[in-house]
>>> print(open('data_31.txt').read())   # compact mmCIF, C-alpha atoms and all ligand atoms
# COMPACT_ATOMS: atom_id res chain seq x y z
CA MET A 15 -21.11 -25.95 -12.08
CA SER A 16 -17.53 -25.52 -10.99
CA THR A 17 -17.11 -25.21 -7.21
CA ILE A 18 -14.37 -24.19 -4.82
CA GLU A 19 -12.68 -27.45 -3.90
CA ARG A 20 -9.67 -26.35 -1.91
CA ALA A 21 -8.26 -23.21 -0.31
CA GLU A 22 -4.73 -23.31 1.11
CA VAL A 23 -2.88 -20.73 3.17
CA PHE A 24 0.90 -20.46 2.85
CA VAL A 25 3.07 -18.49 5.25
CA ALA A 26 6.66 -18.07 4.09
CA SER A 27 9.52 -15.62 4.38
CA PRO A 28 11.34 -15.30 1.04
CA GLY A 29 13.17 -12.10 1.92
CA ARG A 30 10.28 -11.09 4.21
CA ASN A 31 7.07 -12.65 5.49
CA PHE A 32 4.15 -13.17 3.12
CA VAL A 33 0.79 -14.87 3.62
CA THR A 34 -0.64 -16.30 0.41
CA LEU A 35 -4.04 -17.86 -0.29
CA ARG A 36 -4.49 -20.32 -3.15
CA ILE A 37 -8.00 -21.35 -4.14
CA THR A 38 -8.50 -24.37 -6.42
CA THR A 39 -11.77 -25.11 -8.22
CA SER A 40 -13.28 -28.48 -9.09
CA ASP A 41 -12.15 -27.77 -12.68
CA GLY A 42 -8.58 -27.46 -11.49
CA VAL A 43 -8.33 -23.68 -11.97
CA THR A 44 -6.27 -21.91 -9.30
CA GLY A 45 -6.39 -18.33 -8.05
CA LEU A 46 -3.96 -16.46 -5.79
CA GLY A 47 -4.57 -13.79 -3.17
CA ASP A 48 -2.15 -11.90 -0.92
CA ALA A 49 -3.08 -11.88 2.80
CA THR A 50 0.01 -10.20 4.25
CA LEU A 51 -0.43 -7.80 7.16
CA ASN A 52 3.04 -6.73 8.24
CA GLY A 53 3.80 -7.80 11.82
CA ARG A 54 0.40 -9.50 12.29
CA GLU A 55 0.71 -12.20 9.60
CA LEU A 56 -0.49 -15.18 11.63
CA ALA A 57 -3.71 -13.45 12.70
CA VAL A 58 -4.80 -13.21 9.06
CA ALA A 59 -3.57 -16.75 8.31
CA SER A 60 -5.75 -18.04 11.16
CA TYR A 61 -8.74 -15.90 10.10
CA LEU A 62 -8.48 -17.53 6.70
CA ARG A 63 -7.69 -21.11 7.71
CA ASP A 64 -9.95 -21.34 10.73
CA HIS A 65 -12.87 -19.12 9.72
CA LEU A 66 -13.08 -18.46 5.98
CA VAL A 67 -11.77 -21.56 4.21
CA PRO A 68 -14.54 -23.80 5.67
CA LEU A 69 -17.14 -21.32 4.33
CA LEU A 70 -15.70 -21.34 0.83
CA ILE A 71 -15.68 -25.04 0.05
CA GLY A 72 -18.44 -26.01 -2.38
CA ARG A 73 -19.31 -22.42 -3.37
CA ASP A 74 -19.49 -21.13 -6.94
CA PRO A 75 -16.17 -19.26 -7.52
CA ALA A 76 -17.83 -17.08 -10.17
CA ARG A 77 -20.02 -15.32 -7.58
CA ILE A 78 -17.39 -12.85 -6.43
CA GLU A 79 -19.74 -10.12 -5.24
CA ASP A 80 -21.98 -12.54 -3.37
CA ILE A 81 -19.04 -14.20 -1.63
CA TRP A 82 -17.69 -10.76 -0.69
CA GLN A 83 -21.02 -9.74 0.86
CA PHE A 84 -21.35 -13.12 2.59
CA LEU A 85 -17.91 -12.85 4.21
CA TYR A 86 -18.29 -9.17 5.15
CA LYS A 87 -21.87 -9.09 6.41
CA GLY A 88 -21.82 -12.71 7.53
CA ALA A 89 -19.05 -12.11 10.07
CA TYR A 90 -21.30 -9.63 11.89
CA TRP A 91 -18.03 -8.02 13.16
CA ARG A 92 -17.06 -5.61 10.42
CA ARG A 93 -14.06 -3.76 9.03
CA GLY A 94 -10.59 -3.77 10.57
CA PRO A 95 -7.27 -4.78 9.01
CA VAL A 96 -7.37 -8.50 9.82
CA THR A 97 -10.90 -9.07 8.52
CA MET A 98 -10.48 -6.89 5.44
CA THR A 99 -7.12 -8.45 4.52
CA ALA A 100 -8.58 -11.96 4.77
CA ILE A 101 -11.59 -10.99 2.64
CA ALA A 102 -9.22 -9.29 0.18
CA ALA A 103 -7.21 -12.47 -0.30
CA VAL A 104 -10.36 -14.44 -1.17
CA ASP A 105 -11.64 -11.69 -3.47
CA VAL A 106 -8.37 -11.32 -5.41
CA ALA A 107 -8.03 -15.11 -5.79
CA LEU A 108 -11.57 -15.26 -7.23
CA TRP A 109 -10.82 -12.46 -9.74
CA ASP A 110 -7.70 -14.41 -10.74
CA ILE A 111 -9.86 -17.50 -11.32
CA LYS A 112 -12.50 -15.54 -13.26
CA GLY A 113 -9.82 -14.16 -15.54
CA LYS A 114 -8.32 -17.58 -16.18
CA VAL A 115 -11.75 -19.09 -16.89
CA ALA A 116 -12.56 -16.23 -19.30
CA GLY A 117 -9.09 -16.37 -20.88
CA LEU A 118 -8.66 -12.64 -20.16
CA PRO A 119 -6.37 -10.56 -17.97
CA VAL A 120 -8.19 -9.14 -14.95
CA TYR A 121 -7.91 -5.57 -16.25
CA GLN A 122 -10.09 -6.57 -19.22
CA LEU A 123 -12.78 -7.79 -16.83
CA LEU A 124 -12.61 -4.41 -15.08
CA GLY A 125 -13.43 -2.53 -18.27
CA GLY A 126 -10.13 -2.54 -20.13
CA ARG A 127 -7.28 -0.07 -20.23
CA SER A 128 -7.78 3.61 -19.50
CA ARG A 129 -4.05 4.24 -19.94
CA ASP A 130 -0.92 2.83 -21.54
CA GLY A 131 0.91 2.29 -18.26
CA VAL A 132 0.89 3.03 -14.55
CA MET A 133 3.11 5.87 -13.27
CA VAL A 134 4.93 4.87 -10.10
CA TYR A 135 6.99 6.66 -7.51
CA SER A 136 10.19 5.19 -6.18
CA HIS A 137 11.78 5.65 -2.77
CA ALA A 138 14.90 7.80 -2.54
CA SER A 139 16.40 7.89 0.93
CA GLY A 140 19.65 8.48 2.77
CA THR A 141 21.09 8.59 6.24
CA ASP A 142 21.93 12.25 5.59
CA VAL A 143 21.26 14.87 2.92
CA PRO A 144 24.24 14.09 0.62
CA SER A 145 23.34 10.38 0.49
CA LEU A 146 19.68 11.28 -0.15
CA LEU A 147 20.70 13.55 -3.04
CA ASP A 148 22.82 10.72 -4.52
CA ASP A 149 19.83 8.42 -4.30
CA VAL A 150 17.53 10.93 -6.01
CA ALA A 151 20.12 11.25 -8.81
CA LYS A 152 20.16 7.45 -9.20
CA PHE A 153 16.38 7.24 -9.58
CA ARG A 154 16.32 10.24 -11.94
CA ASP A 155 18.88 8.40 -14.11
CA GLN A 156 16.74 5.27 -14.07
CA GLY A 157 13.89 7.26 -15.62
CA TYR A 158 11.45 7.50 -12.71
CA GLN A 159 8.98 10.35 -13.15
CA ALA A 160 8.14 10.55 -9.47
CA ILE A 161 10.37 10.17 -6.42
CA ARG A 162 9.66 10.12 -2.70
CA ALA A 163 12.40 11.66 -0.55
CA GLN A 164 13.09 10.70 3.07
CA THR A 165 16.13 11.02 5.28
CA GLY A 166 17.00 10.49 8.92
CA VAL A 167 16.56 13.50 11.23
CA PRO A 168 19.92 14.57 12.78
CA GLY A 169 20.27 13.38 16.35
CA LEU A 170 17.49 10.81 16.10
CA GLY A 171 19.34 7.87 14.54
CA GLY A 172 17.42 6.03 11.81
CA SER A 173 13.96 7.02 10.72
CA TYR A 174 11.01 5.47 8.92
CA GLY A 175 11.40 5.46 5.17
CA VAL A 176 15.21 5.21 5.18
CA ARG A 177 16.77 2.16 3.52
CA LYS A 178 19.58 0.29 5.18
CA GLY A 179 20.52 -2.03 2.33
CA GLU A 180 19.10 -2.35 -1.15
CA VAL A 181 15.48 -2.51 0.00
CA TYR A 182 13.58 -0.63 2.69
CA GLU A 183 12.30 -3.03 5.34
CA PRO A 184 10.75 -1.50 8.45
CA ALA A 185 9.79 -4.81 10.17
CA ASN A 186 13.22 -5.62 11.49
CA GLY A 187 13.05 -7.15 14.96
CA SER A 188 11.79 -10.30 16.65
CA LEU A 189 10.56 -7.70 19.17
CA PRO A 190 9.66 -4.13 18.14
CA ASP A 191 12.65 -1.84 17.70
CA GLU A 192 12.00 1.33 19.74
CA GLN A 193 13.04 4.46 17.85
CA PRO A 194 13.35 8.04 19.19
CA TRP A 195 11.20 10.81 17.73
CA SER A 196 11.17 14.59 18.01
CA THR A 197 8.49 16.49 16.13
CA GLU A 198 10.40 19.75 16.66
CA ALA A 199 13.58 18.37 15.08
CA TYR A 200 11.62 16.90 12.16
CA LEU A 201 9.70 20.10 11.48
CA ASP A 202 12.92 22.10 11.45
CA PHE A 203 14.75 19.65 9.21
CA ALA A 204 12.39 18.01 6.67
CA PRO A 205 11.47 21.19 4.74
CA THR A 206 15.18 22.04 4.37
CA TYR A 207 16.16 18.77 2.73
CA LEU A 208 13.11 18.74 0.45
CA ARG A 209 14.20 22.24 -0.61
CA GLU A 210 17.71 20.95 -1.34
CA VAL A 211 16.23 18.25 -3.58
CA ARG A 212 14.32 20.87 -5.60
CA GLU A 213 17.35 23.20 -5.72
CA LYS A 214 19.59 20.47 -7.06
CA PHE A 215 17.18 18.66 -9.43
CA GLY A 216 14.57 21.28 -10.30
CA TYR A 217 10.85 20.81 -10.89
CA GLY A 218 10.88 18.38 -13.84
CA PHE A 219 9.67 15.41 -11.80
CA HIS A 220 7.12 14.73 -9.08
CA LEU A 221 8.46 14.98 -5.53
CA LEU A 222 6.65 13.16 -2.71
CA HIS A 223 7.15 12.93 1.04
CA ASP A 224 5.73 10.61 3.71
CA VAL A 225 5.06 12.17 7.13
CA HIS A 226 3.99 8.74 8.43
CA HIS A 227 1.25 9.87 10.84
CA ARG A 228 3.74 11.83 12.98
CA LEU A 229 2.14 15.30 13.26
CA THR A 230 -0.87 16.86 14.92
CA PRO A 231 -3.26 18.63 12.52
CA ILE A 232 -1.85 22.10 13.26
CA GLU A 233 1.75 20.85 12.94
CA ALA A 234 0.82 19.24 9.64
CA ALA A 235 -0.71 22.53 8.51
CA ARG A 236 2.55 24.31 9.35
CA PHE A 237 4.58 21.69 7.49
CA GLY A 238 2.36 21.84 4.40
CA LYS A 239 2.53 25.63 4.33
CA SER A 240 6.32 25.67 4.67
CA VAL A 241 6.80 23.50 1.56
CA GLU A 242 4.10 24.97 -0.70
CA ASP A 243 6.59 26.51 -3.15
CA LEU A 244 8.32 23.11 -3.53
CA ARG A 245 5.15 21.85 -5.22
CA LEU A 246 5.06 18.42 -3.63
CA PHE A 247 2.95 15.86 -5.47
CA TRP A 248 1.69 15.04 -1.97
CA MET A 249 2.45 14.99 1.71
CA GLU A 250 1.45 11.56 2.88
CA ASP A 251 -0.25 10.69 6.17
CA PRO A 252 0.37 14.12 7.69
CA THR A 253 -1.67 13.14 10.76
CA PRO A 254 -3.25 9.85 11.90
CA ALA A 255 -6.39 9.33 9.82
CA GLU A 256 -8.68 7.67 12.36
CA ASN A 257 -10.03 11.16 13.01
CA GLN A 258 -11.18 12.12 9.52
CA GLU A 259 -12.27 15.58 10.77
CA ALA A 260 -8.66 16.46 11.56
CA PHE A 261 -7.94 16.92 7.87
CA ARG A 262 -10.34 19.84 7.70
CA LEU A 263 -7.96 21.86 9.83
CA ILE A 264 -4.94 21.00 7.66
CA ARG A 265 -6.90 21.86 4.53
CA ARG A 266 -7.81 25.33 5.82
CA HIS A 267 -4.14 26.28 5.98
CA THR A 268 -2.30 24.76 3.03
CA THR A 269 -2.55 23.93 -0.66
CA THR A 270 0.06 21.14 -0.39
CA PRO A 271 -1.86 18.08 -1.66
CA ILE A 272 -2.69 15.40 0.91
CA ALA A 273 -2.61 11.61 0.57
CA THR A 274 -3.79 9.12 3.13
CA GLY A 275 -5.29 5.67 3.50
CA GLU A 276 -2.59 2.98 3.55
CA ILE A 277 -3.75 1.78 6.97
CA LEU A 278 -7.47 2.25 6.30
CA ASN A 279 -9.54 -0.74 5.30
CA SER A 280 -13.01 0.18 4.15
CA ILE A 281 -15.04 2.75 2.29
CA TRP A 282 -16.43 3.90 5.64
CA ASP A 283 -12.92 4.78 6.84
CA VAL A 284 -12.39 7.18 3.93
CA LYS A 285 -15.94 8.34 3.26
CA ASP A 286 -15.75 11.75 4.94
CA LEU A 287 -12.22 12.34 3.68
CA ILE A 288 -13.48 11.82 0.13
CA THR A 289 -16.96 13.34 0.16
CA GLU A 290 -15.75 16.48 1.95
CA GLN A 291 -12.71 16.72 -0.33
CA LEU A 292 -10.31 16.73 2.62
CA ILE A 293 -7.68 14.73 0.69
CA ASP A 294 -6.37 14.65 -2.88
CA TYR A 295 -5.18 11.02 -3.08
CA VAL A 296 -6.63 7.91 -1.46
CA ARG A 297 -3.98 5.28 -0.66
CA THR A 298 -6.12 2.27 0.22
CA THR A 299 -4.89 -1.00 -1.31
CA VAL A 300 -6.20 -4.14 -2.83
CA VAL A 301 -4.76 -6.23 0.05
CA HIS A 302 -5.81 -4.25 3.12
CA ALA A 303 -9.10 -2.81 1.85
CA GLY A 304 -11.14 -5.83 0.88
CA GLY A 305 -9.72 -6.79 -2.51
CA ILE A 306 -10.47 -5.61 -6.03
CA THR A 307 -14.22 -5.55 -5.42
CA HIS A 308 -14.08 -3.16 -2.48
CA LEU A 309 -11.14 -1.07 -3.71
CA ARG A 310 -13.04 -0.29 -6.90
CA ARG A 311 -15.98 0.85 -4.79
CA ILE A 312 -13.70 3.23 -2.89
CA PHE A 313 -12.06 4.51 -6.07
CA ASP A 314 -15.43 5.07 -7.75
CA LEU A 315 -16.61 7.14 -4.78
CA ALA A 316 -13.33 9.07 -4.94
CA ALA A 317 -13.81 9.76 -8.67
CA LEU A 318 -17.05 11.63 -7.94
CA TYR A 319 -15.08 14.09 -5.81
CA GLN A 320 -11.96 14.46 -7.99
CA VAL A 321 -9.91 12.50 -5.47
CA ARG A 322 -7.31 10.40 -7.28
CA THR A 323 -5.79 7.04 -6.39
CA GLY A 324 -2.30 6.48 -4.99
CA SER A 325 -2.19 2.96 -3.63
CA HIS A 326 0.31 1.88 -1.04
CA GLY A 327 2.90 -0.45 -2.60
CA ALA A 328 5.71 -1.07 -0.12
CA THR A 329 7.49 -4.45 -0.30
CA ASP A 330 5.36 -5.84 2.54
CA LEU A 331 2.61 -6.14 -0.08
CA SER A 332 3.39 -9.30 -2.03
CA PRO A 333 3.93 -9.45 -5.81
CA ILE A 334 0.32 -10.72 -6.01
CA SER A 335 -0.88 -7.40 -4.60
CA LEU A 336 1.40 -5.44 -6.90
CA ALA A 337 0.00 -7.26 -9.95
CA ALA A 338 -3.59 -6.82 -8.74
CA ALA A 339 -2.88 -3.11 -8.15
CA VAL A 340 -1.60 -2.71 -11.71
CA HIS A 341 -4.77 -4.35 -13.11
CA VAL A 342 -6.90 -1.87 -11.15
CA ASP A 343 -4.63 1.13 -11.87
CA LEU A 344 -4.74 0.47 -15.62
CA THR A 345 -8.51 0.75 -15.64
CA VAL A 346 -9.78 3.33 -13.14
CA PRO A 347 -10.50 6.79 -14.60
CA ASN A 348 -9.16 8.63 -11.53
CA PHE A 349 -5.77 6.93 -11.26
CA GLY A 350 -3.12 9.18 -9.70
CA ILE A 351 0.06 7.25 -8.99
CA GLN A 352 1.20 3.84 -7.70
CA GLU A 353 3.83 3.33 -5.01
CA TYR A 354 6.53 0.89 -6.15
CA MET A 355 9.55 -0.73 -4.53
CA PRO A 356 11.12 -3.74 -6.21
CA HIS A 357 11.00 -6.99 -4.24
CA VAL A 358 14.26 -8.77 -3.35
CA ALA A 359 15.55 -11.72 -5.39
CA GLU A 360 14.39 -14.31 -2.80
CA THR A 361 10.83 -13.01 -3.08
CA MET A 362 10.95 -13.36 -6.85
CA GLN A 363 12.13 -16.97 -6.53
CA VAL A 364 8.72 -17.74 -5.03
CA PHE A 365 6.42 -15.40 -6.96
CA ARG A 366 6.59 -15.21 -10.74
CA THR A 367 4.82 -12.20 -12.22
CA ASN A 368 4.54 -10.53 -15.61
CA VAL A 369 4.71 -6.99 -14.24
CA THR A 370 7.29 -4.88 -16.11
CA LEU A 371 8.83 -1.47 -15.39
CA LYS A 372 9.85 0.95 -18.12
CA ASN A 373 10.49 4.72 -17.85
CA GLY A 374 8.96 4.79 -14.39
CA MET A 375 5.76 3.08 -15.59
CA LEU A 376 4.46 -0.38 -14.71
CA ASP A 377 2.60 -2.57 -17.16
CA LEU A 378 1.72 -6.24 -17.58
CA SER A 379 1.11 -8.71 -20.37
CA ASP A 380 -2.18 -10.17 -21.56
CA GLU A 381 -1.82 -13.41 -19.60
CA PRO A 382 -5.25 -14.52 -18.29
CA GLY A 383 -6.08 -13.75 -14.66
CA LEU A 384 -3.58 -11.80 -12.55
CA GLY A 385 -0.54 -13.29 -14.28
CA VAL A 386 1.14 -14.47 -11.06
CA GLU A 387 2.39 -17.92 -10.09
CA TYR A 388 3.33 -19.13 -6.62
CA ASP A 389 6.12 -21.72 -6.30
CA GLU A 390 5.13 -23.67 -3.22
CA LYS A 391 8.29 -25.82 -3.32
CA ALA A 392 10.56 -22.78 -3.44
CA ALA A 393 8.57 -21.21 -0.58
CA GLU A 394 9.40 -24.19 1.66
CA ARG A 395 13.02 -23.03 1.67
CA PHE A 396 11.95 -19.81 3.45
CA PRO A 397 10.12 -20.59 6.74
CA TYR A 398 8.10 -17.91 8.57
CA ASP A 399 10.37 -15.56 10.50
CA PRO A 400 8.51 -13.52 13.18
CA LYS A 401 9.15 -9.78 12.74
CA TYR A 402 7.62 -6.66 14.24
CA LEU A 403 7.30 -3.11 13.00
CA PRO A 404 9.12 -0.54 15.17
CA VAL A 405 7.55 1.66 17.85
CA ALA A 406 8.35 5.39 18.13
CA ARG A 407 9.00 7.09 21.47
CA ARG A 408 9.27 10.83 22.10
CA LEU A 409 12.44 12.05 23.76
CA ASP A 410 10.68 11.91 27.16
CA GLY A 411 10.10 8.18 26.65
CA SER A 412 6.38 8.28 25.84
CA VAL A 413 4.94 6.36 22.90
CA HIS A 414 4.31 8.31 19.68
CA ASP A 415 2.60 7.29 16.42
CA TRP A 416 5.02 5.25 14.36
C1 LIG B 501 4.82 3.60 2.66
C2 LIG B 501 4.57 3.06 4.01
C3 LIG B 501 5.34 1.88 4.42
C4 LIG B 501 4.85 1.35 5.76
C5 LIG B 501 4.95 -0.13 5.76
C6 LIG B 501 4.43 -0.73 7.04
O1 LIG B 501 4.37 4.69 2.42
O2 LIG B 501 5.44 2.91 1.88
O3 LIG B 501 4.41 4.07 4.97
O4 LIG B 501 6.70 1.98 4.34
O5 LIG B 501 5.55 1.91 6.83
O6 LIG B 501 4.28 -0.62 4.67
O7 LIG B 501 4.36 -2.10 6.93
MG MG B 502 3.32 5.63 3.93
>>> encode(input="data_31.txt", output="structure tokens", more="lines below")
Ligand code: GCO
Ligand code: MG
Amino acid sequence: MSTIERAEVFVASPGRNFVTLRITTSDGVTGLGDATLNGRELAVASYLRDHLVPLLIGRDPARIEDIWQFLYKGAYWRRGPVTMTAIAAVDVALWDIKGKVAGLPVYQLLGGRSRDGVMVYSHASGTDVPSLLDDVAKFRDQGYQAIRAQTGVPGLGGSYGVRKGEVYEPANGSLPDEQPWSTEAYLDFAPTYLREVREKFGYGFHLLHDVHHRLTPIEAARFGKSVEDLRLFWMEDPTPAENQEAFRLIRRHTTTPIATGEILNSIWDVKDLITEQLIDYVRTTVVHAGGITHLRRIFDLAALYQVRTGSHGATDLSPISLAAAVHVDLTVPNFGIQEYMPHVAETMQVFRTNVTLKNGMLDLSDEPGLGVEYDEKAAERFPYDPKYLPVARRLDGSVHDW
């Protein structure tokens, strides 16, 4: 029997910080898992190095489900982003190994293709409305079928979701950047620029918008109602999702579709949202929600209730997570959309993947496993660089949800 011989954790910053797990079997087969949790990277690296790696050595890498249950139930302390990201890294690495051993891409092990490609949405943004409209035009020209639109709110400086350079990177300070927020200003402004996007470009593509947990349920209801005729594909994270009940109130008032889940980590965190049909898209990911094994469980539950998938895919999820997401997205019957932002060149010097983009759709080749390689030598050129996500403060100085 082949056994797990080695499990190494790499922390590197090729363009941004990534935590990567590499498992090697006694037969010399390697598997990769992403363990990146933006702004809390070293907590997951320690969870892996200090607590999980010793438990993996000598185990049968083929027993993915059993190892998942052992790590989840065996910790006694359940759920949470650090735990679920660490378990995810192990799980994804083991699927990678299983694929390589079988000589099949992971999507074949998951049941094979349900579709020819994976529709993605790109991120159009601008510091003001004219620059946002230019950005939307650029992505329309590049053939994207779905575009998310965000711009800064006048008087508030920068905002979440707005790119400074080529790539959007919210974790930007060695201490958290504190950014002003006004719900009133946002609620007055956001519907007007989304309307301008529709007026200029029409309805021939999907338009998305991320509220980023900023509104109370009744404010979110008002926002959703005010943009109903713009036919958004979704409004994302209209209110913080810890309180799953809150979505019932939003639902009572608006038909604007709702997506949530990028910061949720387990099936229990989305259970009521799904079974009570309080959302339309579940945004949990392979990296923060326990890997392929657990994500499939969530997506299968969602399928029973006509809730579709829309996994988070910002650049703080490594190319390993993007590849794993595409394997899952190709197979699940209730796929909705995949978030996609290209990684910077430095990142791609360290991770080699076979993911391709054409006409706003992602696909990958038939390479066995995930189809990702990690260049450890190249990674050494990019040492860990501590970075925090920003914090939002209301105009009176009090802390708001970022
Ligand atoms: C999104 C997200 C991200 C997060 C980021 C935090 O919808 O893409 O909201 O941009 O803010 O992933 O690390
Ligand atoms: Mg988001």
>>> atom_distance(input="data_31.txt", atom1="CA of Glu381 in chain A", atom2="CA of Thr38 in chain A")
18.4 Å
>>> atom_distance(input="data_31.txt", atom1="CA of Ala59 in chain A", atom2="CA of Gly47 in chain A")
11.9 Å
>>> closest_atom_pairs(input="data_31.txt", of="chain A", to="ligand LIG 501 (chain B)", cutoff="7 Å", atoms="all atoms listed in the file", output="tab-separated table")
residue	atom	partner	partner_atom	distance
A:Asn52	CA	B:LIG501	O7	5.0
A:Tyr174	CA	B:LIG501	O5	6.8
A:Gly175	CA	B:LIG501	O4	5.9
A:Pro184	CA	B:LIG501	O5	6.4
A:Ala185	CA	B:LIG501	O7	6.9
A:Asp224	CA	B:LIG501	O1	6.2
A:His226	CA	B:LIG501	O3	5.8
A:His326	CA	B:LIG501	O2	6.0
A:Gly327	CA	B:LIG501	O2	6.1
A:Ala328	CA	B:LIG501	O2	4.5
A:Asp330	CA	B:LIG501	O6	5.7
A:Leu403	CA	B:LIG501	O7	6.8
>>> write_last_selection(input="data_31.txt", atoms="C-alpha atoms", output="compact mmCIF listing (two decimals), in the frame of the given file")
# COMPACT_ATOMS: atom_id res chain seq x y z
CA ASN A 52 3.04 -6.73 8.24
CA TYR A 174 11.01 5.47 8.92
CA GLY A 175 11.40 5.46 5.17
CA PRO A 184 10.75 -1.50 8.45
CA ALA A 185 9.79 -4.81 10.17
CA ASP A 224 5.73 10.61 3.71
CA HIS A 226 3.99 8.74 8.43
CA HIS A 326 0.31 1.88 -1.04
CA GLY A 327 2.90 -0.45 -2.60
CA ALA A 328 5.71 -1.07 -0.12
CA ASP A 330 5.36 -5.84 2.54
CA LEU A 403 7.30 -3.11 13.00
>>> residues_near_ligand(input="data_31.txt", ligand="ligand MG 502 (chain B)", cutoff="12 Å", atoms="only C-alpha atoms and all ligand atoms", output="compact mmCIF listing (two decimals) with C-alpha atoms, in the frame of the given file")
# COMPACT_ATOMS: atom_id res chain seq x y z
CA HIS A 137 11.78 5.65 -2.77
CA ARG A 162 9.66 10.12 -2.70
CA ALA A 163 12.40 11.66 -0.55
CA GLN A 164 13.09 10.70 3.07
CA TYR A 174 11.01 5.47 8.92
CA GLY A 175 11.40 5.46 5.17
CA VAL A 176 15.21 5.21 5.18
CA PRO A 184 10.75 -1.50 8.45
CA LEU A 222 6.65 13.16 -2.71
CA HIS A 223 7.15 12.93 1.04
CA ASP A 224 5.73 10.61 3.71
CA VAL A 225 5.06 12.17 7.13
CA HIS A 226 3.99 8.74 8.43
CA HIS A 227 1.25 9.87 10.84
CA ARG A 228 3.74 11.83 12.98
CA TRP A 248 1.69 15.04 -1.97
CA MET A 249 2.45 14.99 1.71
CA GLU A 250 1.45 11.56 2.88
CA ASP A 251 -0.25 10.69 6.17
CA PRO A 252 0.37 14.12 7.69
CA THR A 253 -1.67 13.14 10.76
CA PRO A 254 -3.25 9.85 11.90
CA ALA A 255 -6.39 9.33 9.82
CA ILE A 272 -2.69 15.40 0.91
CA ALA A 273 -2.61 11.61 0.57
CA THR A 274 -3.79 9.12 3.13
CA GLY A 275 -5.29 5.67 3.50
CA GLU A 276 -2.59 2.98 3.55
CA ILE A 277 -3.75 1.78 6.97
CA LEU A 278 -7.47 2.25 6.30
CA VAL A 296 -6.63 7.91 -1.46
CA ARG A 297 -3.98 5.28 -0.66
CA THR A 298 -6.12 2.27 0.22
CA THR A 299 -4.89 -1.00 -1.31
CA GLY A 324 -2.30 6.48 -4.99
CA SER A 325 -2.19 2.96 -3.63
CA HIS A 326 0.31 1.88 -1.04
CA GLY A 327 2.90 -0.45 -2.60
CA ALA A 328 5.71 -1.07 -0.12
CA THR A 329 7.49 -4.45 -0.30
CA ASP A 330 5.36 -5.84 2.54
CA GLN A 352 1.20 3.84 -7.70
CA GLU A 353 3.83 3.33 -5.01
CA TYR A 354 6.53 0.89 -6.15
CA TRP A 416 5.02 5.25 14.36
>>> atom_distance(input="data_31.txt", atom1="CA of Lys112 in chain A", atom2="CA of Asp377 in chain A")
20.3 Å
>>> closest_residue(input="data_31.txt", among="A:Gly172, A:Gly383, A:Ala49, A:Ile81", to="Gly117 in chain A", atoms="all atoms listed in the file")
A:Gly383
>>> residues_around(input="data_31.txt", residues="Leu118 in chain A", least_positions_apart="3", cutoff="9 Å", atoms="only C-alpha atoms", output="list in words")
Lys112, Gly113, Lys114, Val115, Tyr121, Gln122, Leu123, Asp380, Glu381, Pro382 and Gly383 of chain A
>>> closest_residue(input="data_31.txt", among="A:Trp82, A:Phe32, A:Tyr295, A:Phe203", to="Leu108 in chain A", atoms="all atoms listed in the file")
A:Trp82
